[in-house]
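Student: Input query09.txt, format and content: compact mmCIF, N, CA and C atoms.
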# COMPACT_ATOMS: atom_id res chain seq x y z
N MET A 1 127.61 -24.97 -22.53
CA MET A 1 126.29 -25.51 -22.86
C MET A 1 126.37 -27.03 -23.00
N GLU A 2 127.44 -27.47 -23.65
CA GLU A 2 127.61 -28.90 -23.85
C GLU A 2 127.75 -29.64 -22.52
N THR A 3 128.48 -29.06 -21.60
CA THR A 3 128.67 -29.69 -20.29
C THR A 3 127.35 -29.78 -19.54
N LEU A 4 126.54 -28.75 -19.63
CA LEU A 4 125.23 -28.76 -18.96
C LEU A 4 124.34 -29.87 -19.53
N VAL A 5 124.34 -30.03 -20.83
CA VAL A 5 123.53 -31.08 -21.45
C VAL A 5 124.04 -32.46 -21.02
N TRP A 6 125.36 -32.61 -20.94
CA TRP A 6 125.92 -33.90 -20.49
C TRP A 6 125.51 -34.22 -19.05
N VAL A 7 125.55 -33.21 -18.18
CA VAL A 7 125.19 -33.45 -16.78
C VAL A 7 123.72 -33.84 -16.67
N VAL A 8 122.85 -33.10 -17.37
CA VAL A 8 121.41 -33.43 -17.34
C VAL A 8 121.18 -34.82 -17.93
N HIS A 9 121.89 -35.15 -18.98
CA HIS A 9 121.74 -36.46 -19.63
C HIS A 9 122.12 -37.60 -18.67
N LEU A 10 123.24 -37.46 -17.99
CA LEU A 10 123.68 -38.51 -17.07
C LEU A 10 122.76 -38.62 -15.86
N LEU A 11 122.32 -37.49 -15.32
CA LEU A 11 121.40 -37.54 -14.18
C LEU A 11 120.07 -38.17 -14.59
N THR A 12 119.60 -37.83 -15.77
CA THR A 12 118.34 -38.41 -16.26
C THR A 12 118.49 -39.92 -16.45
N ALA A 13 119.63 -40.36 -16.93
CA ALA A 13 119.85 -41.80 -17.12
C ALA A 13 119.81 -42.53 -15.78
N VAL A 14 120.43 -41.95 -14.77
CA VAL A 14 120.43 -42.59 -13.44
C VAL A 14 119.02 -42.62 -12.86
N VAL A 15 118.29 -41.52 -12.99
CA VAL A 15 116.91 -41.45 -12.49
C VAL A 15 116.03 -42.45 -13.23
N LEU A 16 116.21 -42.55 -14.53
CA LEU A 16 115.41 -43.48 -15.33
C LEU A 16 115.68 -44.92 -14.93
N ILE A 17 116.92 -45.25 -14.69
CA ILE A 17 117.26 -46.60 -14.23
C ILE A 17 116.61 -46.88 -12.88
N GLY A 18 116.69 -45.92 -11.97
CA GLY A 18 116.07 -46.09 -10.65
C GLY A 18 114.56 -46.26 -10.72
N LEU A 19 113.92 -45.45 -11.57
CA LEU A 19 112.46 -45.55 -11.68
C LEU A 19 112.03 -46.89 -12.29
N VAL A 20 112.77 -47.37 -13.25
CA VAL A 20 112.42 -48.66 -13.86
C VAL A 20 112.61 -49.79 -12.84
N LEU A 21 113.66 -49.71 -12.04
CA LEU A 21 113.89 -50.76 -11.05
C LEU A 21 112.87 -50.71 -9.91
N MET A 22 112.28 -49.57 -9.62
CA MET A 22 111.30 -49.47 -8.54
C MET A 22 109.93 -49.99 -8.95
N GLN A 23 109.67 -50.09 -10.21
CA GLN A 23 108.35 -50.54 -10.66
C GLN A 23 108.22 -52.05 -10.50
N HIS A 24 106.99 -52.46 -10.26
CA HIS A 24 106.71 -53.88 -10.13
C HIS A 24 106.37 -54.44 -11.49
N GLY A 25 106.76 -55.68 -11.70
CA GLY A 25 106.41 -56.35 -12.95
C GLY A 25 104.97 -56.83 -12.90
N LYS A 26 104.54 -57.44 -13.98
CA LYS A 26 103.16 -57.94 -14.03
C LYS A 26 102.95 -59.11 -13.07
N GLY A 27 103.99 -59.82 -12.72
CA GLY A 27 103.87 -60.93 -11.79
C GLY A 27 103.69 -60.49 -10.35
N ALA A 28 103.90 -59.21 -10.06
CA ALA A 28 103.78 -58.72 -8.69
C ALA A 28 102.33 -58.61 -8.26
N ASP A 29 101.39 -58.62 -9.18
CA ASP A 29 99.98 -58.51 -8.82
C ASP A 29 99.51 -59.73 -8.03
N MET A 30 100.06 -60.87 -8.30
CA MET A 30 99.68 -62.08 -7.58
C MET A 30 100.13 -61.98 -6.12
N GLY A 31 101.27 -61.37 -5.87
CA GLY A 31 101.74 -61.19 -4.50
C GLY A 31 100.84 -60.25 -3.73
N ALA A 32 100.26 -59.27 -4.41
CA ALA A 32 99.37 -58.32 -3.74
C ALA A 32 98.09 -59.01 -3.28
N ALA A 33 97.69 -60.06 -3.96
CA ALA A 33 96.46 -60.77 -3.58
C ALA A 33 96.64 -61.51 -2.26
N PHE A 34 97.86 -61.86 -1.88
CA PHE A 34 98.10 -62.60 -0.65
C PHE A 34 98.54 -61.70 0.50
N GLY A 35 98.35 -60.41 0.37
CA GLY A 35 98.61 -59.53 1.50
C GLY A 35 99.96 -58.82 1.46
N THR A 36 100.78 -59.03 0.46
CA THR A 36 102.07 -58.36 0.42
C THR A 36 102.03 -57.19 -0.55
N GLY A 37 100.87 -56.71 -0.87
CA GLY A 37 100.73 -55.63 -1.85
C GLY A 37 101.07 -54.27 -1.27
N SER A 38 100.80 -53.25 -2.03
CA SER A 38 101.17 -51.90 -1.63
C SER A 38 99.94 -51.08 -1.27
N ALA A 39 98.90 -51.72 -0.72
CA ALA A 39 97.67 -51.00 -0.40
C ALA A 39 97.90 -49.94 0.67
N GLY A 40 98.85 -50.16 1.55
CA GLY A 40 99.11 -49.19 2.61
C GLY A 40 100.30 -48.31 2.31
N SER A 41 100.73 -48.24 1.09
CA SER A 41 101.91 -47.45 0.77
C SER A 41 101.60 -45.97 0.73
N LEU A 42 102.56 -45.18 0.45
CA LEU A 42 102.43 -43.72 0.44
C LEU A 42 101.45 -43.25 -0.63
N PHE A 43 101.40 -43.90 -1.77
CA PHE A 43 100.57 -43.47 -2.88
C PHE A 43 99.24 -44.23 -2.99
N GLY A 44 99.00 -45.17 -2.10
CA GLY A 44 97.77 -45.96 -2.18
C GLY A 44 98.01 -47.20 -3.02
N SER A 45 96.91 -47.94 -3.29
CA SER A 45 97.06 -49.22 -3.99
C SER A 45 97.40 -49.04 -5.46
N SER A 46 96.84 -48.04 -6.12
CA SER A 46 97.15 -47.85 -7.55
C SER A 46 97.90 -46.54 -7.80
N GLY A 47 98.06 -45.74 -6.77
CA GLY A 47 98.73 -44.45 -6.95
C GLY A 47 100.20 -44.57 -7.28
N SER A 48 100.86 -45.57 -6.72
CA SER A 48 102.29 -45.70 -6.99
C SER A 48 102.53 -46.11 -8.44
N ALA A 49 101.66 -46.92 -8.99
CA ALA A 49 101.83 -47.34 -10.38
C ALA A 49 101.68 -46.14 -11.31
N ASN A 50 100.67 -45.30 -11.06
CA ASN A 50 100.49 -44.13 -11.90
C ASN A 50 101.64 -43.14 -11.74
N PHE A 51 102.06 -42.92 -10.48
CA PHE A 51 103.14 -41.97 -10.23
C PHE A 51 104.44 -42.45 -10.87
N LEU A 52 104.76 -43.74 -10.66
CA LEU A 52 106.01 -44.26 -11.24
C LEU A 52 105.95 -44.30 -12.76
N SER A 53 104.80 -44.63 -13.31
CA SER A 53 104.66 -44.68 -14.77
C SER A 53 104.83 -43.29 -15.38
N ARG A 54 104.21 -42.30 -14.76
CA ARG A 54 104.32 -40.93 -15.28
C ARG A 54 105.73 -40.38 -15.10
N SER A 55 106.34 -40.67 -13.97
CA SER A 55 107.70 -40.21 -13.73
C SER A 55 108.68 -40.86 -14.71
N THR A 56 108.46 -42.14 -14.98
CA THR A 56 109.30 -42.83 -15.95
C THR A 56 109.13 -42.25 -17.34
N ALA A 57 107.90 -41.92 -17.70
CA ALA A 57 107.64 -41.33 -19.02
C ALA A 57 108.31 -39.96 -19.14
N VAL A 58 108.25 -39.16 -18.09
CA VAL A 58 108.90 -37.84 -18.12
C VAL A 58 110.41 -37.99 -18.21
N ALA A 59 110.98 -38.91 -17.42
CA ALA A 59 112.42 -39.13 -17.46
C ALA A 59 112.87 -39.66 -18.81
N ALA A 60 112.06 -40.55 -19.40
CA ALA A 60 112.40 -41.08 -20.72
C ALA A 60 112.35 -39.99 -21.79
N ALA A 61 111.35 -39.11 -21.70
CA ALA A 61 111.25 -38.01 -22.66
C ALA A 61 112.44 -37.05 -22.51
N LEU A 62 112.82 -36.75 -21.27
CA LEU A 62 113.97 -35.87 -21.04
C LEU A 62 115.26 -36.51 -21.53
N PHE A 63 115.40 -37.82 -21.32
CA PHE A 63 116.57 -38.54 -21.81
C PHE A 63 116.62 -38.50 -23.34
N PHE A 64 115.49 -38.65 -23.97
CA PHE A 64 115.40 -38.60 -25.43
C PHE A 64 115.79 -37.21 -25.95
N VAL A 65 115.30 -36.16 -25.29
CA VAL A 65 115.61 -34.79 -25.72
C VAL A 65 117.10 -34.49 -25.55
N THR A 66 117.69 -34.91 -24.43
CA THR A 66 119.11 -34.66 -24.23
C THR A 66 119.96 -35.47 -25.20
N SER A 67 119.51 -36.67 -25.55
CA SER A 67 120.23 -37.46 -26.55
C SER A 67 120.22 -36.77 -27.91
N LEU A 68 119.06 -36.25 -28.30
CA LEU A 68 118.98 -35.51 -29.57
C LEU A 68 119.81 -34.22 -29.52
N SER A 69 119.82 -33.56 -28.37
CA SER A 69 120.60 -32.34 -28.23
C SER A 69 122.09 -32.61 -28.37
N LEU A 70 122.57 -33.67 -27.75
CA LEU A 70 123.98 -34.02 -27.87
C LEU A 70 124.34 -34.41 -29.30
N THR A 71 123.42 -35.09 -29.98
CA THR A 71 123.66 -35.44 -31.38
C THR A 71 123.77 -34.18 -32.22
N TYR A 72 122.91 -33.22 -31.99
CA TYR A 72 122.95 -31.97 -32.75
C TYR A 72 124.23 -31.19 -32.45
N ILE A 73 124.61 -31.13 -31.18
CA ILE A 73 125.82 -30.39 -30.80
C ILE A 73 127.05 -30.97 -31.48
N TYR A 74 127.17 -32.29 -31.52
CA TYR A 74 128.35 -32.90 -32.11
C TYR A 74 128.32 -32.96 -33.63
N SER A 75 127.14 -32.82 -34.23
CA SER A 75 127.09 -32.81 -35.69
C SER A 75 127.29 -31.41 -36.26
N HIS A 76 127.14 -30.38 -35.45
CA HIS A 76 127.35 -29.00 -35.88
C HIS A 76 128.36 -28.35 -34.93
N PRO A 77 129.65 -28.60 -35.13
CA PRO A 77 130.63 -28.03 -34.20
C PRO A 77 130.68 -26.52 -34.32
N ALA A 78 130.83 -25.86 -33.21
CA ALA A 78 130.89 -24.40 -33.18
C ALA A 78 132.25 -23.94 -33.68
N GLN A 79 132.26 -22.81 -34.37
CA GLN A 79 133.52 -22.25 -34.83
C GLN A 79 134.20 -21.54 -33.68
N GLN A 80 135.52 -21.58 -33.70
CA GLN A 80 136.28 -20.92 -32.65
C GLN A 80 136.07 -19.42 -32.72
N GLN A 81 135.92 -18.78 -31.58
CA GLN A 81 135.70 -17.35 -31.52
C GLN A 81 136.82 -16.65 -30.75
N GLY A 82 137.99 -17.24 -30.74
CA GLY A 82 139.10 -16.64 -30.01
C GLY A 82 139.71 -15.47 -30.76
N VAL A 83 140.50 -14.68 -30.06
CA VAL A 83 141.15 -13.52 -30.66
C VAL A 83 142.16 -13.96 -31.71
N MET A 84 142.90 -15.00 -31.43
CA MET A 84 143.95 -15.43 -32.35
C MET A 84 143.39 -16.12 -33.59
N ASP A 85 142.14 -16.54 -33.56
CA ASP A 85 141.56 -17.20 -34.72
C ASP A 85 141.28 -16.22 -35.85
N LYS A 86 141.18 -14.93 -35.53
CA LYS A 86 140.87 -13.93 -36.54
C LYS A 86 142.12 -13.39 -37.21
N VAL A 87 143.30 -13.71 -36.70
CA VAL A 87 144.56 -13.24 -37.27
C VAL A 87 144.91 -14.12 -38.46
N ASN A 88 145.30 -13.49 -39.54
CA ASN A 88 145.71 -14.26 -40.72
C ASN A 88 147.02 -14.96 -40.43
N PRO A 89 147.16 -16.19 -40.86
CA PRO A 89 148.41 -16.89 -40.63
C PRO A 89 149.55 -16.23 -41.41
N VAL A 90 150.74 -16.30 -40.87
CA VAL A 90 151.91 -15.71 -41.51
C VAL A 90 152.27 -16.55 -42.72
N ALA A 91 152.44 -15.87 -43.85
CA ALA A 91 152.81 -16.58 -45.07
C ALA A 91 154.26 -17.03 -44.97
N ALA A 92 154.61 -18.03 -45.73
CA ALA A 92 155.98 -18.53 -45.75
C ALA A 92 156.89 -17.42 -46.27
N PRO A 93 158.10 -17.29 -45.72
CA PRO A 93 158.98 -16.22 -46.18
C PRO A 93 159.31 -16.40 -47.66
N ALA A 94 159.35 -15.28 -48.34
CA ALA A 94 159.63 -15.32 -49.78
C ALA A 94 161.10 -15.67 -50.00
N THR A 95 161.36 -16.43 -51.02
CA THR A 95 162.75 -16.78 -51.34
C THR A 95 163.39 -15.58 -52.03
N PRO A 96 164.64 -15.30 -51.71
CA PRO A 96 165.29 -14.15 -52.34
C PRO A 96 165.46 -14.37 -53.83
N ALA A 97 165.34 -13.29 -54.55
CA ALA A 97 165.49 -13.37 -56.01
C ALA A 97 166.95 -13.60 -56.36
N ALA A 98 167.17 -14.27 -57.46
CA ALA A 98 168.54 -14.51 -57.93
C ALA A 98 169.15 -13.18 -58.36
N PRO A 99 170.43 -12.98 -58.08
CA PRO A 99 171.05 -11.72 -58.48
C PRO A 99 171.05 -11.58 -60.01
N ALA A 100 170.94 -10.35 -60.45
CA ALA A 100 170.93 -10.09 -61.89
C ALA A 100 172.30 -10.42 -62.48
N ALA A 101 172.27 -10.98 -63.66
CA ALA A 101 173.52 -11.36 -64.32
C ALA A 101 174.23 -10.10 -64.81
N ASN A 102 175.55 -10.03 -64.58
CA ASN A 102 176.35 -8.90 -65.02
C ASN A 102 176.81 -9.15 -66.44
N THR A 103 176.49 -8.27 -67.33
CA THR A 103 176.95 -8.45 -68.71
C THR A 103 178.30 -7.79 -68.94
N ALA A 104 178.66 -6.87 -68.09
CA ALA A 104 179.95 -6.20 -68.25
C ALA A 104 181.05 -7.10 -67.72
N ASP A 105 182.24 -6.90 -68.21
CA ASP A 105 183.39 -7.68 -67.78
C ASP A 105 183.75 -7.26 -66.36
N ASP A 106 183.85 -8.22 -65.45
CA ASP A 106 184.12 -7.93 -64.05
C ASP A 106 185.50 -7.34 -63.84
N SER A 107 186.46 -7.72 -64.66
CA SER A 107 187.81 -7.22 -64.46
C SER A 107 187.91 -5.75 -64.81
N LYS A 108 187.08 -5.25 -65.73
CA LYS A 108 187.13 -3.85 -66.10
C LYS A 108 186.40 -2.98 -65.07
N SER A 109 185.38 -3.54 -64.47
CA SER A 109 184.62 -2.73 -63.54
C SER A 109 185.26 -2.63 -62.18
N ARG A 110 186.13 -3.52 -61.85
CA ARG A 110 186.81 -3.49 -60.56
C ARG A 110 188.18 -2.87 -60.70
N ASP A 111 188.57 -2.21 -59.66
CA ASP A 111 189.93 -1.66 -59.64
C ASP A 111 190.85 -2.70 -59.06
N ILE A 112 191.43 -3.50 -59.91
CA ILE A 112 192.30 -4.57 -59.45
C ILE A 112 193.73 -4.11 -59.74
N PRO A 113 194.54 -4.03 -58.72
CA PRO A 113 195.94 -3.64 -58.97
C PRO A 113 196.66 -4.73 -59.76
N LYS A 114 197.52 -4.28 -60.66
CA LYS A 114 198.28 -5.22 -61.51
C LYS A 114 199.65 -5.42 -61.03
Translate this structure into structure tokens?
Tutor:
Amino acid sequence: METLVWVVHLLTAVVLIGLVLMQHGKGADMGAAFGTGSAGSLFGSSGSANFLSRSTAVAAALFFVTSLSLTYIYSHPAQQQGVMDKVNPVAAPATPAAPAANTADDSKSRDIPK
């Protein structure tokens, strides 16, 4: 899921950059008055401005949503669901107990030849 959001986010960023660069600034209106305008373009004289403006708004909204999605994904990390994650870790080996102290005399309890 995270990879899909990253791919959509990067593609939206590239599309948004392209749409912003294709738009004319406010100074371009003066050029249209001298015959270099877009009256004969594919979208008509004002159609391209509306189309590019709406496309830019949609791309910006999608970029905003993917940015918020990535923020949410990274602020709430998913817990691991692997098989080995459910196994309890092995406890440290117990230290052997000290041998019990012998109160009887060792020489009497052993058969030591004299």
Student: Skipping near chain neighbours, those fewer than 6 positions away, what residues fall within 7 Å of stretch 11-21 of chain A using all atoms listed in the file, listed as number ranges by chain?
Tutor: A: 52, 55-56, 59-60, 62-63
Student: Here is a test: counting only C-alpha atoms, which residue of A:Thr95, A:Met84, A:Phe51, A:Ala101 is nearest to A:Met22?
Tutor: A:Phe51
Student: Would you mind reading off the distance between atom CA of A:Leu70 and atom CA of A:Gln23, one decimal, in Å?
Tutor: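 Distance between the two atoms: 28.5 Å.
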